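Asker: Sharing a structure with you now.
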Amino acid sequence: MRLLTIAVLTLFCLYNNYLEASEYHPDPYSVQRWEQGYRYPNAGWIVVHIEGEPYERGIQHGRLLAPEIARYTQALASFTDPKSPVKAWKTTRNLVKRFFLHGFNQEQLDEMKGIADGASAAGARFNRRPLDIIDIAALNLANELHTFDTAITATPSTLTTQHHLSTQFTALNSSSRKAFQGPVRCNAFAAVGPATKDGKIVFGHLTMFALYPANFYNVWLDIKPSKGHRFVMQTTPGNIQSGMDYSINDAGILMSETTVEQTGFNPKGIPLAARTREAEQYAETIEQAADILRKNNNGLSSTEWILADIHKNEIALLELGTHRSKLYRSSQKEWIAGAEGFYWSNNNTKDRDIRLETVPSAIARPSSIAAFRTDPRDAIWLRMYDQHKGQIDGEFAKKLLTTPEIVLSTSVDAKYTTSDLATRLQTWATYGPPLGVVRYPSTKEQQDFPAIKPLISNPWQILNSEPPAKNNPHKLAAVDLHNPNNSVMSSPVKNKVVSDTQPAWRGTLLPQSDADIWLTTAFANLERIVAYEKALQKQNKNQQLKPADRDLIINKLFYYRSMYELAARAGNDFPLNSTKINLRNAKWYDIVTGKGVLLLYALRSQLGNDEFDVLMDKFGTKNSLHEISATQFQNFLQSQTRKDLSEFFNLWLNNTDIPQIKMTNTDTENVLTAPPYTIFSFDAEIENTIIVFGTKDEELANREAANVLQQALKRRKHNIAPPIKADTELSENDIKSNHLILIGRPDSNLLINKLKNNFPINFGLRSFQARDKIYAHPESGIIFSFENPDNARFSIVVVSGLSALTTLNITQPFGEGTLPNARAVIIPFNREILGLSNYLNKL
């Protein structure tokens with residue numbers, strides 16, 4: 001007996017060493033390209049590269065991110081007004097045209113036009129129309145638009161035209177605020193010189209926002225423009241600037257910000273989105289970045305910027321109101337609260353003059369804004385600084401950005417970089433709640449936004465701008481990824497439903513003895529399958545089963561094969577002619593029922609489907625509610641077909657196991673000979689089942705999926721909760737004496753990695769192959785079963801999503817038993833769920 005536990009622990013140590021020494025290389029099947037651009041997933045992020053002239057890099061952006069751009073547009077419209085998203089988006093577009101579009105320069109307009117054209121050409125739509133530059137501009141202005149009504153209130157003089165236009169939008173904005181209850185805030189910091197371990201820069205940021213928009217805050221965009229500097233940034237689909245904000249350019253300028261109390265609106269000013277993009281692409285010094293951000297500010301989404309220059313080893317803090325600003329610089333030793341070498345930002349304005357811009361008039365209603373109010377996070381930042389001054393490094397940044405008092409409940413991500421990493425346009429990042437929890441949507445959010453998804457903490461990963469290896473042109477393309485060349489975007493596909501079936505044959509038989517129970521149960525059970533088969537045939541023009549239809553039939557038959565095998569391998573097998581009812585052991589019925597269906601199915605294959613079905617109806621109608629023996633049934637068939645069936649019945653009735661007979665029908669042979677377990681075989685022996693979550697990678701998601709599955713199984717039928725263990729905790733006896741449900745992929749679960757050569761499918765890093773199809777979308781997953789190689793008495797089930805969130809998402813329907821009872825179930829993104837029980841061997 002192999003000691004898998006020892007092997008697993010050895011693999012764990014080797015894997016950890018490998019992780020520390022290597023960088024991420026995407027699965028080749030997950031890489032998509034359009035001209036010079038490409039995209040691929042990485043630990044919850046979508047890494048995208050575009051380059052060239054403004055319009056052509058926009059086209060690349062739109063083509064590559066078309067599905068996400070379409071969904072993000074719908075999300076923002078719904079977030080603004082869940083009840084009337086189309087009306088809300090129309091109002092948004094009117095505001096964009098009136099007050100904002102003029103503020104973008106020609107290069108930015110060309111790039112946004114390219115994004116709109118590229119996304120539309122790849123099938124992106126809103127309310128069934130192609131997207132245009134106004135839609136893309138609105139995506140870029142989302143942060144500003146959601147502060148529009150607050151800025152109007154803070155504006156000193158009433159601008160009647162803008163007030164008239166904003167009235168409706170203010171009402172819509174209020175509905176989105178009501179839908180989201182929680183702090184909308186960010187945190188940022190920079191350290192240098194006397195504060196850091198090596199004297200160089202350490203720089204970090206985290207975002208906090210409502211869950212639905214935050215579902216789209218995972219784009220890591222690398223832009224290599226024909227003019228200006230190459231830069232990388234966290235952003236959203238369709239955005240030409242960060243919006244979070246967090247960016248690094250190849251001139252060594254780092255930028256991040258947090259929002260502060262809203263100041264007034266300057267309708268003739270340049271949008272923050274346009275100024276941010278200008279600084280990200282063209283700033284070469286802190287002075288230039290600050291000047292660009294200050295110049296002709298429209299005032300919306302008032303911000304406090306943390307800036308850094310890795311070449312000059314300088315950091316700065318820029319407080320930015322509508323008309324006033326304040327720049328603190330490390331080169332001038334302008335420290336706050338005596339924190340030498342350290343600037344931090346957490347949404348409260350430190351400069352009094354800028355705070356005063358948040359009230360429309362000093363002689364109007366009194367305001368307490370003149371006095372600085374310390375936020376609890378200010379104290380946390382300074383306490384952490386005091387404890388680590390002179391020792392701040394990347395590990396400090398990670399610790400700081402995972403400190404509960406800093407990381408509020410609405411946190412979306414965390415990122416940090418250092419001078420050395422930023423030189424290579426790299427950053428450490430985690431997408432999802434940094435504290436290692438799952439953020440589930442509230443009941444209200446689920447009602448308002450049906451497309452909303454949970455946000456799960458992904459592993460920390462280095463994001464970089466290195467191009468992936470070129471795809472092998474001879475490899476298959478993933479079927480679940482949107483092709484940027486396609487002009488039509490696929491919609492979610494529902495599985496085929498057969499609402500009504502006609503009886504394949506009639507009559508209810510009574511068993512003459514215990515040894516005849518198999519006939520009465522199989523006669524009824526197989527009829528349901530054959531009736532379903534005939535109903536599927538009627539749905540097709542040529543009255544023939546499609547490959548997907550055949551899969552549905554095979555799955556139903558395979559259920560009975562699995563029922564029989566599970567009972568037989570538990571030591572309960574007996575010849576059907578020796579059947580005795582046993583009230584002390586329910587396994588006898590599984591033997592009789594499972595093997596009986598297989599017997600009649602094999603017989604139908606030998607006699608021919610049509611002839612068999614006619615004979616079943618004839619026998620059933622003649623003998624309905626009569627006690628019938630298997631011998632009578634055999635004699636009837638022989639008299640009608642003139643065939644000697646004695647050997648066939650002898651093999652099936654007087655022996656244990658499934659007879660090893662050659663069948664001309666491939667499906668029949670496969671059902672009788674393929675590995676027997678389905679994904680639900682363990683369900684009959686839930687008390688002998690262990691759920692095992694992976695710890696190699698995505699440990700949080702795997703553990704949470706295990707917890708969800710455990711509770712779902714307990715609620716569903718048994719009220720028994722299978723134990724949960726980590727892949728490092730399994731003993732040899734656990735492995736060989738239980739059904740195992742393994743959560744994760746080969747790269748994230750030690751036991752799955754150990755057993756991968758036994759799988760009926762092939763796994764890549766972030767892809768899998770079943771039959772002749774490749775699946776590589778992060779929201780695709782698979783659940784499959786196979787024999788435990790250490791003890792074929794038990795099954796092993798693998799639950800694998802191609803991302804942390806998908807592993808969690810597919811666990812719920814699996815635990816509820818709503819998936820097909822097949823050897824393998826593929827849950828592809830936006831496509832029909834597939835249950836496969838035959839032809840699953842590796843290709």
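Residue numbering restarts at 1 for every chain of the structure tokens, chains are lettered A, B, ... in their displayed order, and ligands are numbered from 1 as they appear.
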Tell me which protein, DNA and RNA residues are within 7 Å of Phe794 of chain A, counting only C-alpha atoms, leaving out same-chain ones fewer than 3 positions away, and put them as a PyMOL selection string.

Answerer: chain A and resi 738-739+787-788+791

Asker: Excluding Pro676 of chain A and its own-chain neighbours fewer than 3 positions away, which residues fall within 8 Å of it when counting only C-alpha atoms? Please give them as an NGL selection string.

Answerer: :A and (558 or 561-562 or 565 or 673 or 786-787 or 823)

Asker: With distances taken over only C-alpha atoms, which of A:Val412, A:Ala154, A:Ile690, A:Leu742 is nearest to Ile724 of chain A?

Answerer: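 The answer is A:Ile690, which sits nearest to Ile724 of chain A.
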
Asker: Can you tell me which residues surround Ser490 of chain A at a distance of at most 12 Å, considering only C-alpha atoms, apart from same-chain residues fewer than 5 positions away, and format the answer as a JSON list (two decimals) with N, CA and C atoms, in the first residue's frame?

Answerer:
```
[["chain", "number", "residue", "atom", "x", "y", "z"],
["A", 66, "ALA", "N", -14.20, 42.61, -24.39],
["A", 66, "ALA", "CA", -15.59, 42.88, -24.78],
["A", 66, "ALA", "C", -16.61, 42.29, -23.81],
["A", 67, "PRO", "N", -16.51, 41.03, -23.39],
["A", 67, "PRO", "CA", -17.53, 40.50, -22.47],
["A", 67, "PRO", "C", -17.58, 41.26, -21.16],
["A", 70, "ALA", "N", -19.12, 44.83, -21.60],
["A", 70, "ALA", "CA", -20.58, 44.77, -21.69],
["A", 70, "ALA", "C", -21.20, 44.56, -20.31],
["A", 122, "ALA", "N", -16.74, 42.95, -31.27],
["A", 122, "ALA", "CA", -16.67, 41.63, -30.63],
["A", 122, "ALA", "C", -17.97, 41.25, -29.94],
["A", 123, "GLY", "N", -19.04, 42.02, -30.17],
["A", 123, "GLY", "CA", -20.35, 41.61, -29.71],
["A", 123, "GLY", "C", -20.88, 42.32, -28.48],
["A", 124, "ALA", "N", -20.14, 43.29, -27.90],
["A", 124, "ALA", "CA", -20.61, 43.97, -26.69],
["A", 124, "ALA", "C", -21.81, 44.86, -27.02],
["A", 125, "ARG", "N", -22.82, 44.80, -26.16],
["A", 125, "ARG", "CA", -24.04, 45.58, -26.37],
["A", 125, "ARG", "C", -24.55, 46.09, -25.03],
["A", 479, "VAL", "N", -13.03, 26.21, -25.69],
["A", 479, "VAL", "CA", -14.39, 26.43, -26.20],
["A", 479, "VAL", "C", -15.20, 27.39, -25.33],
["A", 480, "ASP", "N", -14.73, 27.69, -24.11],
["A", 480, "ASP", "CA", -15.51, 28.53, -23.22],
["A", 480, "ASP", "C", -15.02, 29.97, -23.16],
["A", 481, "LEU", "N", -14.01, 30.31, -23.97],
["A", 481, "LEU", "CA", -13.51, 31.69, -24.03],
["A", 481, "LEU", "C", -14.15, 32.42, -25.20],
["A", 482, "HIS", "N", -14.47, 33.69, -24.98],
["A", 482, "HIS", "CA", -15.00, 34.49, -26.07],
["A", 482, "HIS", "C", -13.90, 34.75, -27.10],
["A", 483, "ASN", "N", -14.17, 34.49, -28.35],
["A", 483, "ASN", "CA", -13.22, 34.74, -29.42],
["A", 483, "ASN", "C", -13.28, 36.22, -29.80],
["A", 484, "PRO", "N", -12.18, 36.98, -29.65],
["A", 484, "PRO", "CA", -12.21, 38.40, -30.01],
["A", 484, "PRO", "C", -12.60, 38.65, -31.46],
["A", 829, "PHE", "N", -18.33, 28.23, -18.47],
["A", 829, "PHE", "CA", -18.84, 29.59, -18.40],
["A", 829, "PHE", "C", -19.76, 29.86, -19.59],
["A", 830, "ASN", "N", -20.98, 30.31, -19.28],
["A", 830, "ASN", "CA", -21.95, 30.76, -20.30],
["A", 830, "ASN", "C", -22.35, 29.67, -21.29],
["A", 831, "ARG", "N", -22.15, 28.41, -20.90],
["A", 831, "ARG", "CA", -22.52, 27.33, -21.81],
["A", 831, "ARG", "C", -23.27, 26.25, -21.06],
["A", 832, "GLU", "N", -23.81, 25.30, -21.82],
["A", 832, "GLU", "CA", -24.62, 24.25, -21.24],
["A", 832, "GLU", "C", -23.80, 23.34, -20.35]]
```

Asker: List the spatial neighbours of Ile253 of chain A as a PyMOL selection string - criterion: any atom at most 8 Å away, only C-alpha atoms, same-chain residues fewer than 4 positions off excluded.

Answerer: chain A and resi 248-249+280+283-286+307-310

Asker: As an MDAnalysis selection string, list the residues of segment 90-171 of chain A assigned to alpha helix (DSSP H) by DSSP on the backbone atoms of this structure.

Answerer: chainID A and resid 90:95 106:121 133:140 142:145 148:154 160:171

Asker: Keeping N, CA and C atoms, export the residues of the selection given above as a compact mmCIF listing (two decimals), in the first residue's frame.

Answerer:
```
# COMPACT_ATOMS: atom_id res chain seq x y z
N LYS A 90 -29.18 56.41 -19.69
CA LYS A 90 -29.48 57.51 -20.60
C LYS A 90 -29.16 58.85 -19.93
N THR A 91 -29.53 59.00 -18.67
CA THR A 91 -29.21 60.23 -17.93
C THR A 91 -27.71 60.38 -17.77
N THR A 92 -27.04 59.29 -17.47
CA THR A 92 -25.58 59.31 -17.35
C THR A 92 -24.93 59.80 -18.64
N ARG A 93 -25.38 59.28 -19.76
CA ARG A 93 -24.82 59.68 -21.06
C ARG A 93 -25.06 61.17 -21.33
N ASN A 94 -26.22 61.68 -20.94
CA ASN A 94 -26.49 63.11 -21.13
C ASN A 94 -25.53 63.97 -20.33
N LEU A 95 -25.25 63.56 -19.09
CA LEU A 95 -24.29 64.30 -18.26
C LEU A 95 -22.89 64.25 -18.85
N GLN A 106 -7.46 64.75 -27.48
CA GLN A 106 -7.74 63.97 -28.68
C GLN A 106 -7.19 62.55 -28.59
N GLU A 107 -6.02 62.40 -28.00
CA GLU A 107 -5.44 61.06 -27.86
C GLU A 107 -6.36 60.17 -27.02
N GLN A 108 -6.87 60.71 -25.93
CA GLN A 108 -7.75 59.95 -25.05
C GLN A 108 -9.08 59.62 -25.74
N LEU A 109 -9.60 60.57 -26.48
CA LEU A 109 -10.84 60.33 -27.23
C LEU A 109 -10.64 59.24 -28.28
N ASP A 110 -9.51 59.26 -28.96
CA ASP A 110 -9.23 58.24 -29.97
C ASP A 110 -9.14 56.85 -29.35
N GLU A 111 -8.50 56.78 -28.19
CA GLU A 111 -8.37 55.48 -27.53
C GLU A 111 -9.74 54.97 -27.06
N MET A 112 -10.55 55.85 -26.50
CA MET A 112 -11.89 55.44 -26.07
C MET A 112 -12.76 55.05 -27.26
N LYS A 113 -12.62 55.77 -28.36
CA LYS A 113 -13.34 55.40 -29.58
C LYS A 113 -12.93 54.00 -30.03
N GLY A 114 -11.63 53.71 -29.97
CA GLY A 114 -11.15 52.38 -30.33
C GLY A 114 -11.71 51.30 -29.42
N ILE A 115 -11.78 51.59 -28.12
CA ILE A 115 -12.35 50.61 -27.17
C ILE A 115 -13.80 50.31 -27.53
N ALA A 116 -14.57 51.38 -27.79
CA ALA A 116 -15.98 51.19 -28.14
C ALA A 116 -16.12 50.38 -29.43
N ASP A 117 -15.35 50.74 -30.44
CA ASP A 117 -15.43 50.03 -31.72
C ASP A 117 -14.99 48.58 -31.59
N GLY A 118 -13.91 48.35 -30.84
CA GLY A 118 -13.42 46.99 -30.66
C GLY A 118 -14.38 46.13 -29.88
N ALA A 119 -14.93 46.68 -28.79
CA ALA A 119 -15.88 45.91 -27.98
C ALA A 119 -17.15 45.61 -28.77
N SER A 120 -17.65 46.59 -29.50
CA SER A 120 -18.87 46.40 -30.29
C SER A 120 -18.65 45.38 -31.40
N ALA A 121 -17.48 45.45 -32.06
CA ALA A 121 -17.18 44.48 -33.11
C ALA A 121 -17.10 43.07 -32.56
N ILE A 133 -18.49 55.82 -27.91
CA ILE A 133 -17.50 56.52 -27.09
C ILE A 133 -18.13 57.13 -25.84
N ILE A 134 -19.41 57.49 -25.89
CA ILE A 134 -20.07 58.04 -24.71
C ILE A 134 -20.17 56.98 -23.62
N ASP A 135 -20.48 55.74 -24.00
CA ASP A 135 -20.52 54.65 -23.02
C ASP A 135 -19.15 54.45 -22.37
N ILE A 136 -18.12 54.43 -23.19
CA ILE A 136 -16.77 54.20 -22.65
C ILE A 136 -16.35 55.36 -21.77
N ALA A 137 -16.66 56.59 -22.17
CA ALA A 137 -16.35 57.74 -21.33
C ALA A 137 -17.08 57.63 -19.99
N ALA A 138 -18.32 57.18 -20.02
CA ALA A 138 -19.09 57.03 -18.78
C ALA A 138 -18.45 56.00 -17.85
N LEU A 139 -17.90 54.91 -18.40
CA LEU A 139 -17.18 53.94 -17.58
C LEU A 139 -15.99 54.59 -16.90
N ASN A 140 -15.28 55.45 -17.63
CA ASN A 140 -14.10 56.12 -17.09
C ASN A 140 -14.47 57.17 -16.05
N ALA A 142 -17.03 56.98 -13.90
CA ALA A 142 -17.94 56.42 -12.90
C ALA A 142 -17.73 57.02 -11.52
N ASN A 143 -16.47 57.14 -11.09
CA ASN A 143 -16.21 57.68 -9.75
C ASN A 143 -16.68 59.12 -9.64
N GLU A 144 -16.43 59.89 -10.68
CA GLU A 144 -16.83 61.30 -10.65
C GLU A 144 -18.34 61.46 -10.69
N LEU A 145 -18.99 60.67 -11.51
CA LEU A 145 -20.44 60.78 -11.65
C LEU A 145 -21.17 60.46 -10.35
N PHE A 148 -21.31 63.58 -8.18
CA PHE A 148 -21.82 64.77 -8.85
C PHE A 148 -22.78 65.55 -7.97
N ASP A 149 -23.75 64.87 -7.37
CA ASP A 149 -24.75 65.58 -6.57
C ASP A 149 -24.14 66.18 -5.31
N THR A 150 -23.17 65.47 -4.69
CA THR A 150 -22.50 66.02 -3.51
C THR A 150 -21.69 67.25 -3.87
N ALA A 151 -21.06 67.23 -5.03
CA ALA A 151 -20.28 68.38 -5.48
C ALA A 151 -21.17 69.59 -5.74
N ILE A 152 -22.36 69.37 -6.27
CA ILE A 152 -23.30 70.47 -6.51
C ILE A 152 -23.61 71.17 -5.18
N THR A 153 -23.81 70.35 -4.15
CA THR A 153 -24.13 70.91 -2.83
C THR A 153 -22.97 71.76 -2.30
N ALA A 154 -21.75 71.36 -2.61
CA ALA A 154 -20.58 72.07 -2.11
C ALA A 154 -20.16 73.24 -2.99
N THR A 160 -27.61 77.21 -12.70
CA THR A 160 -28.97 76.73 -12.96
C THR A 160 -29.00 75.63 -14.01
N THR A 161 -28.19 75.76 -15.06
CA THR A 161 -28.26 74.74 -16.10
C THR A 161 -27.75 73.40 -15.59
N GLN A 162 -26.64 73.46 -14.82
CA GLN A 162 -26.12 72.20 -14.30
C GLN A 162 -27.05 71.65 -13.22
N HIS A 163 -27.65 72.51 -12.43
CA HIS A 163 -28.56 72.04 -11.39
C HIS A 163 -29.79 71.39 -12.02
N HIS A 164 -30.28 71.99 -13.08
CA HIS A 164 -31.44 71.43 -13.77
C HIS A 164 -31.13 70.03 -14.31
N LEU A 165 -29.93 69.89 -14.90
CA LEU A 165 -29.58 68.59 -15.48
C LEU A 165 -29.30 67.56 -14.40
N SER A 166 -28.82 68.00 -13.24
CA SER A 166 -28.38 67.04 -12.22
C SER A 166 -29.50 66.57 -11.32
N THR A 167 -30.65 67.23 -11.35
CA THR A 167 -31.72 66.88 -10.42
C THR A 167 -32.10 65.40 -10.53
N GLN A 168 -32.32 64.96 -11.76
CA GLN A 168 -32.72 63.56 -11.96
C GLN A 168 -31.59 62.63 -11.58
N PHE A 169 -30.36 63.00 -11.93
CA PHE A 169 -29.22 62.13 -11.63
C PHE A 169 -29.00 62.03 -10.13
N THR A 170 -29.26 63.14 -9.39
CA THR A 170 -29.11 63.11 -7.95
C THR A 170 -30.04 62.07 -7.33
N ALA A 171 -31.29 62.03 -7.82
CA ALA A 171 -32.24 61.05 -7.31
C ALA A 171 -31.79 59.62 -7.60
```

Asker: Pick out the residues sitting within 12 Å of Leu607 of chain A, and hand them over as a list of chain:residue names; count only C-alpha atoms, and ignore anything fewer than 3 positions along from it in its own chain.

Answerer: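 Listing them by chain and then by number gives A:Leu600, A:Tyr601, A:Ala602, A:Leu603, A:Arg604, A:Asp610, A:Glu611, A:Phe612, A:Asp613, A:Val614, A:Leu615, A:Met616, A:Leu637, A:Gln638, A:Gln640, A:Thr641, A:Arg642, A:Lys643, A:Asp644, A:Leu645, A:Phe648, A:Met663, A:Thr664, A:Asn665.
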
Asker: Could you write out that same residue set with N, CA, C and O atoms as a short mmCIF file (atom, residue, chain, number, x, y, z; two decimals), in the first residue's frame?

Answerer:
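The file below, out33.cif, is the result:
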```
data_model
loop_
_atom_site.label_atom_id
_atom_site.label_comp_id
_atom_site.auth_asym_id
_atom_site.auth_seq_id
_atom_site.Cartn_x
_atom_site.Cartn_y
_atom_site.Cartn_z
N LEU A 600 -31.71 -5.55 -18.67
CA LEU A 600 -32.68 -5.23 -19.71
C LEU A 600 -32.09 -4.32 -20.78
O LEU A 600 -32.43 -4.43 -21.97
N TYR A 601 -31.21 -3.41 -20.38
CA TYR A 601 -30.57 -2.52 -21.35
C TYR A 601 -29.68 -3.31 -22.31
O TYR A 601 -29.69 -3.09 -23.54
N ALA A 602 -28.93 -4.28 -21.77
CA ALA A 602 -28.10 -5.14 -22.62
C ALA A 602 -28.97 -5.98 -23.54
O ALA A 602 -28.66 -6.20 -24.72
N LEU A 603 -30.09 -6.45 -23.02
CA LEU A 603 -31.00 -7.25 -23.83
C LEU A 603 -31.61 -6.41 -24.95
O LEU A 603 -31.77 -6.89 -26.09
N ARG A 604 -31.94 -5.17 -24.66
CA ARG A 604 -32.49 -4.27 -25.69
C ARG A 604 -31.47 -4.06 -26.82
O ARG A 604 -31.83 -4.01 -28.00
N ASP A 610 -36.26 -1.08 -31.36
CA ASP A 610 -37.68 -1.04 -31.74
C ASP A 610 -38.39 -2.34 -31.40
O ASP A 610 -39.50 -2.34 -30.85
N GLU A 611 -37.76 -3.46 -31.75
CA GLU A 611 -38.39 -4.76 -31.48
C GLU A 611 -38.55 -4.97 -29.99
O GLU A 611 -39.60 -5.44 -29.52
N PHE A 612 -37.53 -4.63 -29.23
CA PHE A 612 -37.58 -4.81 -27.79
C PHE A 612 -38.71 -3.98 -27.18
O PHE A 612 -39.47 -4.47 -26.33
N ASP A 613 -38.84 -2.74 -27.61
CA ASP A 613 -39.86 -1.86 -27.03
C ASP A 613 -41.26 -2.38 -27.31
O ASP A 613 -42.15 -2.33 -26.44
N VAL A 614 -41.48 -2.90 -28.50
CA VAL A 614 -42.80 -3.47 -28.84
C VAL A 614 -43.09 -4.69 -27.95
O VAL A 614 -44.21 -4.86 -27.44
N LEU A 615 -42.08 -5.55 -27.77
CA LEU A 615 -42.27 -6.74 -26.96
C LEU A 615 -42.54 -6.39 -25.50
O LEU A 615 -43.34 -7.05 -24.83
N MET A 616 -41.86 -5.34 -24.99
CA MET A 616 -42.10 -4.93 -23.61
C MET A 616 -43.55 -4.46 -23.43
O MET A 616 -44.21 -4.78 -22.43
N LEU A 637 -40.03 -13.96 -24.53
CA LEU A 637 -39.13 -13.35 -25.50
C LEU A 637 -38.65 -14.37 -26.52
O LEU A 637 -38.54 -14.07 -27.72
N GLN A 638 -38.33 -15.58 -26.07
CA GLN A 638 -37.85 -16.61 -27.00
C GLN A 638 -38.93 -17.00 -27.99
O GLN A 638 -38.66 -17.22 -29.18
N GLN A 640 -41.29 -15.09 -29.10
CA GLN A 640 -41.58 -14.00 -30.00
C GLN A 640 -40.43 -13.72 -30.97
O GLN A 640 -40.66 -13.26 -32.10
N THR A 641 -39.21 -13.97 -30.54
CA THR A 641 -38.05 -13.63 -31.37
C THR A 641 -37.44 -14.84 -32.06
O THR A 641 -36.62 -14.67 -32.97
N ARG A 642 -37.83 -16.05 -31.61
CA ARG A 642 -37.25 -17.28 -32.14
C ARG A 642 -35.74 -17.35 -31.87
O ARG A 642 -34.99 -17.97 -32.61
N LYS A 643 -35.29 -16.69 -30.79
CA LYS A 643 -33.87 -16.70 -30.42
C LYS A 643 -33.70 -17.44 -29.11
O LYS A 643 -34.55 -17.35 -28.21
N ASP A 644 -32.59 -18.16 -29.03
CA ASP A 644 -32.27 -18.86 -27.78
C ASP A 644 -31.56 -17.87 -26.84
O ASP A 644 -30.43 -17.47 -27.08
N LEU A 645 -32.23 -17.49 -25.78
CA LEU A 645 -31.68 -16.50 -24.85
C LEU A 645 -31.22 -17.13 -23.54
O LEU A 645 -30.95 -16.43 -22.57
N PHE A 648 -27.72 -16.04 -22.35
CA PHE A 648 -27.75 -14.66 -21.90
C PHE A 648 -28.32 -14.58 -20.48
O PHE A 648 -27.72 -13.96 -19.58
N MET A 663 -20.50 -6.55 -26.79
CA MET A 663 -21.70 -5.91 -27.29
C MET A 663 -21.39 -5.16 -28.58
O MET A 663 -20.34 -4.54 -28.72
N THR A 664 -22.31 -5.23 -29.52
CA THR A 664 -22.11 -4.49 -30.77
C THR A 664 -22.38 -3.01 -30.60
O THR A 664 -21.86 -2.19 -31.35
N ASN A 665 -23.17 -2.66 -29.62
CA ASN A 665 -23.48 -1.26 -29.34
C ASN A 665 -22.40 -0.68 -28.42
O ASN A 665 -22.21 -1.13 -27.30
#
```

Asker: Determine which residues of segment 388-542 of chain A receive a DSSP assignment of strand (DSSP E), computed from the backbone, and state them as a ChimeraX atom specification.

Answerer: /A:413-418,427-431,438-439,455-456,461-463,510-511

Asker: Return the single residue from A:Lys350, A:Lys470, A:Arg128, A:Arg550 that is closest to Thr374 of chain A, with distances computed using only C-alpha atoms.

Answerer: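 Of A:Lys350, A:Lys470, A:Arg128, A:Arg550, the one nearest Thr374 of chain A is A:Lys350, counting only C-alpha atoms.
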
Asker: Using only C-alpha atoms, which residues sit within 9 Å of Arg569 of chain A once same-chain residues fewer than 5 positions away are excluded, as a list of chain:residue names?

Answerer: A:Tyr564, A:Ala792, A:Arg793, A:Phe794

Asker: Point out the residue among A:Ile796, A:Ala273, A:Ile406, A:Ala279 with the least atom-to-atom distance to Lys736 of chain A, counting only C-alpha atoms.

Answerer: A:Ile796

Asker: How many Å lie between atom CA of Tyr29 of chain A and atom CA of Leu425 of chain A, rounded to one decimal?

Answerer: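 Between atom CA of Tyr29 of chain A and atom CA of Leu425 of chain A the gap works out to 24.8 Å.
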
Asker: Considering only C-alpha atoms, can you say which of A:Val799, A:Ile452, A:Ile741, A:Leu64 comes closest to Tyr40 of chain A?

Answerer: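 Using only C-alpha atoms, the shortest distance to Tyr40 of chain A belongs to A:Leu64.
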
Asker: Quote the spacing between atom CA of Tyr328 of chain A and atom CA of Asn105 of chain A in Å to one decimal place.

Answerer: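 Value for the atom CA of Tyr328 of chain A-atom CA of Asn105 of chain A distance: 28.7 Å.
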
Asker: Nearest residue to Ala251 of chain A out of A:Leu526, A:Phe265, A:Gln288, A:Glu334, using only C-alpha atoms?

Answerer: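 Among the listed residues, A:Gln288 lies closest to Ala251 of chain A.
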
Asker: What does the distance between atom CA of Met563 of chain A and atom CA of Ile661 of chain A come to in Å, to one decimal place?

Answerer: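 Separation between atom CA of Met563 of chain A and atom CA of Ile661 of chain A: 20.3 Å.
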